[in-house]
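start_36.csv (CSV, C-alpha atoms) appears below.
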chain,number,residue,atom,x,y,z
A,168,MET,CA,217.4,83.5,20.7
A,169,SER,CA,215.0,81.1,22.4
A,170,THR,CA,214.5,77.6,21.0
A,171,ALA,CA,211.0,76.0,21.0
A,172,VAL,CA,210.8,72.9,23.2
A,173,PRO,CA,209.5,69.9,21.2
A,174,ALA,CA,206.4,68.1,22.2
A,175,PRO,CA,206.8,64.8,24.2
A,176,SER,CA,207.2,61.7,22.0
A,177,GLY,CA,203.8,60.3,21.0
A,178,ALA,CA,201.9,63.6,21.8
A,179,PRO,CA,199.9,65.3,19.1
A,180,ASP,CA,201.2,68.5,17.6
A,181,PRO,CA,199.4,71.4,19.3
A,182,VAL,CA,196.9,73.5,17.3
A,183,PRO,CA,198.7,76.3,15.4
A,184,GLY,CA,198.1,79.7,17.0
A,185,ALA,CA,196.9,78.3,20.3
A,186,SER,CA,197.2,80.6,23.3
A,187,PRO,CA,200.3,80.1,25.6
A,188,PRO,CA,199.7,78.5,29.0
A,189,PRO,CA,198.1,81.0,31.6
A,190,ARG,CA,200.4,82.7,34.1
A,191,LYS,CA,200.7,81.1,37.5
A,192,PRO,CA,197.8,82.4,39.8
A,193,ARG,CA,198.7,84.4,42.9
A,194,LYS,CA,198.5,82.8,46.3
A,195,VAL,CA,195.5,85.1,47.2
A,196,PHE,CA,193.4,83.1,44.8
A,197,LEU,CA,194.4,79.6,45.8
A,198,LEU,CA,191.9,79.2,48.6
A,199,VAL,CA,189.0,80.3,46.3
A,200,GLY,CA,190.3,77.9,43.6
A,201,THR,CA,190.3,75.1,46.1
A,202,VAL,CA,186.7,75.7,47.2
A,203,LEU,CA,185.6,75.8,43.6
A,204,ALA,CA,187.5,72.7,42.7
A,205,VAL,CA,185.8,70.8,45.5
A,206,ALA,CA,182.3,72.0,44.4
A,207,ILE,CA,183.0,71.0,40.8
A,208,GLY,CA,184.3,67.6,42.0
A,209,ILE,CA,181.1,67.0,43.8
A,210,GLY,CA,179.1,67.8,40.7
A,211,LEU,CA,181.2,65.5,38.5
A,212,PHE,CA,180.9,62.7,41.1
A,213,THR,CA,177.1,62.9,41.0
A,214,SER,CA,177.1,62.8,37.2
A,215,VAL,CA,179.2,59.6,36.9
A,216,GLY,CA,177.3,56.8,35.1
A,217,SER,CA,175.2,59.2,32.9
A,218,GLY,CA,176.8,57.7,29.8
A,219,LYS,CA,177.4,61.2,28.3
A,220,ASN,CA,180.7,63.1,27.7
A,221,SER,CA,181.3,66.1,29.7
A,222,PRO,CA,181.8,69.4,27.7
A,223,GLY,CA,185.3,69.5,26.3
A,224,GLN,CA,185.9,65.8,26.9
A,225,GLU,CA,187.6,64.1,23.9
A,226,VAL,CA,185.8,61.3,22.0
A,227,ALA,CA,187.0,58.0,23.5
A,228,ALA,CA,186.5,54.3,23.2
A,229,GLY,CA,182.9,53.3,23.9
A,230,ASP,CA,181.4,56.5,22.5
A,231,ALA,CA,179.2,56.7,19.5
A,232,VAL,CA,181.2,58.2,16.6
A,233,PRO,CA,180.2,61.8,15.9
A,234,THR,CA,178.5,62.2,12.5
A,235,PHE,CA,179.7,64.7,9.9
A,236,SER,CA,179.8,65.5,6.2
A,237,ALA,CA,182.4,67.6,4.5
A,238,PRO,CA,183.9,68.2,1.0
A,239,ASN,CA,186.4,65.7,-0.2
A,240,VAL,CA,189.8,67.4,-1.0
A,241,GLN,CA,190.9,64.5,-3.2
A,242,PRO,CA,190.4,64.7,-7.0
A,243,THR,CA,188.9,61.2,-7.0
A,244,GLY,CA,186.2,59.6,-4.9
A,245,PRO,CA,182.9,61.1,-3.7
A,246,ARG,CA,182.4,64.8,-3.6
A,247,GLU,CA,181.3,64.6,0.0
A,248,VAL,CA,182.9,62.6,2.8
A,249,SER,CA,180.3,61.4,5.3
A,250,VAL,CA,180.2,59.5,8.6
A,251,SER,CA,176.7,58.7,9.8
A,252,ALA,CA,175.2,56.7,12.6
A,253,THR,CA,174.8,53.0,11.9
A,254,PRO,CA,172.5,51.5,14.5
A,255,GLY,CA,172.1,47.8,14.4
A,256,GLY,CA,175.6,47.1,13.1
A,257,ALA,CA,174.5,47.7,9.5
A,258,GLY,CA,177.5,49.9,8.6
A,259,SER,CA,181.1,49.3,7.6
A,260,PRO,CA,184.0,49.3,10.1
A,261,THR,CA,185.8,52.7,9.6
A,262,VAL,CA,189.1,54.2,10.5
A,263,LEU,CA,189.4,58.0,10.8
A,264,LEU,CA,192.9,59.6,10.4
A,265,PHE,CA,193.2,63.2,11.6
A,266,PHE,CA,196.1,65.1,10.2
A,267,GLY,CA,197.2,68.5,8.7
A,268,ALA,CA,200.0,69.9,6.5
A,269,TRP,CA,201.2,72.0,9.5
A,270,CYS,CA,201.6,68.8,11.7
A,271,THR,CA,205.2,67.6,11.8
A,272,ALA,CA,204.3,64.3,13.5
A,273,CYS,CA,201.8,63.6,10.7
A,274,ARG,CA,204.5,63.7,8.1
A,275,SER,CA,206.4,60.9,9.7
A,276,GLU,CA,203.4,58.7,10.6
A,277,LEU,CA,201.2,59.1,7.5
A,278,PRO,CA,203.3,57.6,4.7
A,279,PRO,CA,203.6,54.0,6.1
A,280,ILE,CA,199.9,54.0,7.0
A,281,THR,CA,198.8,55.1,3.5
A,282,ALA,CA,201.1,52.5,2.0
A,283,ALA,CA,199.5,49.8,4.2
A,284,VAL,CA,196.0,50.9,3.1
A,285,LYS,CA,197.1,50.8,-0.6
A,286,ARG,CA,198.4,47.3,-0.2
A,287,GLN,CA,195.2,46.2,1.5
A,288,ASP,CA,193.0,47.6,-1.3
A,289,GLU,CA,195.1,45.9,-3.9
A,290,ALA,CA,194.9,42.6,-2.1
A,291,HIS,CA,191.0,42.7,-2.1
A,292,GLY,CA,190.9,40.9,1.2
A,293,ARG,CA,188.8,41.5,4.3
A,294,LEU,CA,190.8,44.6,5.2
A,295,ALA,CA,189.9,46.2,2.0
A,296,GLY,CA,186.3,46.3,3.2
A,297,ILE,CA,187.2,48.7,6.0
A,298,ARG,CA,186.5,52.4,5.2
A,299,VAL,CA,189.6,54.6,5.7
A,300,ILE,CA,188.8,58.3,5.8
A,301,GLY,CA,191.2,61.2,6.4
A,302,VAL,CA,190.2,64.5,8.1
A,303,ASP,CA,192.5,67.4,7.1
A,304,THR,CA,192.5,70.0,9.9
A,305,LEU,CA,193.1,73.7,9.6
A,306,ASP,CA,194.3,73.7,6.0
A,307,ALA,CA,192.7,75.3,3.0
A,308,PRO,CA,191.3,72.7,0.6
A,309,SER,CA,194.1,73.2,-1.9
A,310,THR,CA,196.7,72.7,0.8
A,311,GLY,CA,194.9,69.6,2.1
A,312,ARG,CA,194.8,68.2,-1.5
A,313,SER,CA,198.5,68.9,-2.1
A,314,PHE,CA,199.6,67.5,1.3
A,315,SER,CA,197.5,64.3,0.8
A,316,GLN,CA,199.0,63.7,-2.6
A,317,GLU,CA,202.5,64.3,-1.3
A,318,GLU,CA,202.0,61.7,1.4
A,319,GLY,CA,200.5,59.1,-0.9
A,320,VAL,CA,197.0,59.3,0.4
A,321,THR,CA,194.6,57.3,-1.9
A,322,PHE,CA,191.5,57.4,0.4
A,323,PRO,CA,188.9,60.2,0.7
A,324,VAL,CA,189.9,63.2,2.9
A,325,ALA,CA,187.3,65.5,4.5
A,326,SER,CA,188.2,69.1,4.5
A,327,ASP,CA,188.1,70.7,8.0
A,328,PRO,CA,189.6,74.2,7.5
A,329,ASP,CA,188.0,75.6,10.7
A,330,ALA,CA,188.5,72.5,12.8
A,331,SER,CA,184.7,72.2,13.3
A,332,ILE,CA,185.0,68.4,13.0
A,333,THR,CA,188.4,67.9,14.8
A,334,GLN,CA,188.0,70.3,17.6
A,335,GLY,CA,184.2,70.7,17.5
A,336,ALA,CA,182.7,67.3,17.0
A,337,PHE,CA,185.5,65.1,18.3
A,338,ARG,CA,187.1,67.7,20.7
A,339,PHE,CA,190.6,66.8,19.7
A,340,GLN,CA,193.3,69.4,20.4
A,341,GLY,CA,196.1,69.0,17.8
A,342,ASP,CA,197.0,66.2,15.4
A,343,PRO,CA,197.5,63.4,14.7
A,344,PHE,CA,194.6,61.3,16.1
A,345,THR,CA,193.3,58.0,14.8
A,346,VAL,CA,189.8,56.6,15.6
A,347,PHE,CA,188.8,53.0,15.0
A,348,VAL,CA,185.0,52.6,14.6
A,349,ASP,CA,183.1,49.3,14.5
A,350,ARG,CA,180.3,48.7,12.0
A,351,GLY,CA,177.7,49.7,14.6
A,352,GLY,CA,179.2,53.2,14.8
A,353,ARG,CA,180.8,52.7,18.2
A,354,VAL,CA,184.4,53.9,18.8
A,355,VAL,CA,186.6,51.0,19.6
A,356,ARG,CA,190.0,52.6,20.0
A,357,VAL,CA,191.5,56.1,19.8
A,358,VAL,CA,195.3,56.5,19.2
A,359,ILE,CA,196.7,59.9,20.3
A,360,GLY,CA,199.8,61.2,18.7
A,361,ALA,CA,202.2,59.6,16.2
A,362,GLN,CA,202.3,56.1,17.8
A,363,LEU,CA,201.0,54.0,14.9
A,364,THR,CA,203.1,51.8,12.7
A,365,ALA,CA,201.9,49.9,9.6
A,366,ALA,CA,201.8,46.7,11.7
A,367,SER,CA,199.9,48.2,14.7
A,368,PHE,CA,197.5,50.0,12.3
A,369,THR,CA,196.7,46.7,10.6
A,370,ALA,CA,196.3,44.9,13.9
A,371,ASP,CA,193.8,47.5,15.1
A,372,GLU,CA,191.9,47.2,11.8
A,373,ARG,CA,191.7,43.4,12.1
A,374,ALA,CA,190.1,43.9,15.5
A,375,LEU,CA,187.2,45.7,13.8
A,376,ILE,CA,186.2,42.7,11.7
A,377,PRO,CA,183.5,40.6,13.4
A,378,SER,CA,184.6,37.0,14.0
A,379,GLY,CA,183.1,34.5,11.6
A,380,THR,CA,183.0,36.9,8.6
Once more with this new file: its structure as structure tokens, please.
Amino acid sequence: MSTAVPAPSGAPDPVPGASPPPRKPRKVFLLVGTVLAVAIGIGLFTSVGSGKNSPGQEVAAGDAVPTFSAPNVQPTGPREVSVSATPGGAGSPTVLLFFGAWCTACRSELPPITAAVKRQDEAHGRLAGIRVIGVDTLDAPSTGRSFSQEEGVTFPVASDPDASITQGAFRFQGDPFTVFVDRGGRVVRVVIGAQLTAASFTADERALIPSGT
């Protein structure tokens, strides 16, 4: 009986049901592939500096955060969870946590993060002014609600059962991902995979608070 090979440390869990890697191409196609790769490379080179993501490219630091609105799976808080454009820096710093009940790495990373958020809210300090929003990927709303409660999540969680937010808007493949957004709606940092600790999460939050406030 074969045994599944675990994902590398720090890598996101792959999307459930994803197709296996394609079979190795035959040598007869290598020359054609090389020619096409050169042509594509020339096209990409000429597009550098356009300021736009290429199709399929994940959201990264420096990008405007994609906007979305989805039902909140939590029994408390707003019925709809929304992230909108905030030109002019009029919005609130925001942290987006992408996770799912099927994600093994999320189950180890999420509890200390949710505990840190709860402590910040209870302290009523500057960190309590940062919006923290979860995005539950590829789960039914009831599953997302149960999982969030099991992991001690107290902040709003957007339901993303078809991954239209995670894979569509943000183009993330798998979970967990964490996105830190400044008050102007600009992505400051993206953490891929289960790399966050409560201390590093808090440090990245502090970096979102403008100096002098």
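You can rank A:Ile300, A:Ala366, A:Val248, A:Cys273 by their closest distance to Thr261 (chain A) using all atoms listed in the file, and at the top of that list sits A:Ile300.
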**Request:** Would you work out the distance separating CA of Val324 (chain A) from CA of Gln241 (chain A), expressed in Å to one decimal?
**Result:** 6.3 Å
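You can rank A:Thr304, A:Ser313, A:Gln224, A:Ser331 by their closest distance to Pro242 (chain A) using all atoms listed in the file, and at the top of that list sits A:Ser313.
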Which residues come within 9 Å of Phe337 (chain A), counting only C-alpha atoms, excluding same-chain residues fewer than 6 positions away, as a PDB file with C-alpha atoms, in the coordinates of the input?
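Result file follows (out-v8.pdb):
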ATOM      1  CA  GLN A 224     185.900  65.800  26.900  1.00  0.00           C
ATOM      2  CA  GLU A 225     187.600  64.100  23.900  1.00  0.00           C
ATOM      3  CA  VAL A 226     185.800  61.300  22.000  1.00  0.00           C
ATOM      4  CA  ALA A 227     187.000  58.000  23.500  1.00  0.00           C
ATOM      5  CA  VAL A 232     181.200  58.200  16.600  1.00  0.00           C
ATOM      6  CA  PRO A 233     180.200  61.800  15.900  1.00  0.00           C
ATOM      7  CA  SER A 331     184.700  72.200  13.300  1.00  0.00           C
TER       8      SER A 331
END
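Proximity of A:Arg350, A:Arg356, A:Arg312, A:Arg373 to Val240 (chain A), computed with all atoms listed in the file, is greatest for A:Arg312.
With CA of Ser367 (chain A) on one side and CA of Glu289 (chain A) on the other, the separation reads 19.3 Å.
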**Asked** What gap, in Å, lies between CA of Phe368 (chain A) and CA of Pro278 (chain A)?
**Response** 12.2 Å
**Message:** Restricting the calculation to only C-alpha atoms: of A:Val355, A:Leu375, A:Val262, A:Ala268, which residue gets closest to Thr310 (chain A)?
**Reply:** A:Ala268
**Asked** Within 12 Å of Pro323 (chain A), counting only C-alpha atoms, which residues qualify if same-chain residues fewer than 2 places away don't, as a ChimeraX atom specification?
**Response** /A:236-250,262-264,281,284,298-303,311-312,315-316,319-321,325-326
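Nearest residue to Glu372 (chain A) among A:Ala283, A:Glu317, A:Asp306, A:Gly341 is A:Ala283, counting all atoms listed in the file.
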**Request:** Give me the residues within 12 Å of Ser275 (chain A) as a PyMOL selection string, counting all atoms listed in the file and dropping any in the same chain fewer than 6 places off.
**Result:** chain A and resi 177+266-268+281+318+343+360-365
**Fill in**
Shortest contact to Val182 (chain A), candidates A:Gln340, A:Gly229, A:Thr345, A:Ala252, atoms counted all atoms listed in the file, goes to A:Gln340
**Within 9 Å of Gly258 (chain A) using only C-alpha atoms, minus same-chain residues under 2 positions, as JSON, numbers by chain** = {"A": [251, 252, 253, 254, 255, 256, 260, 261, 349, 350, 351, 352]}
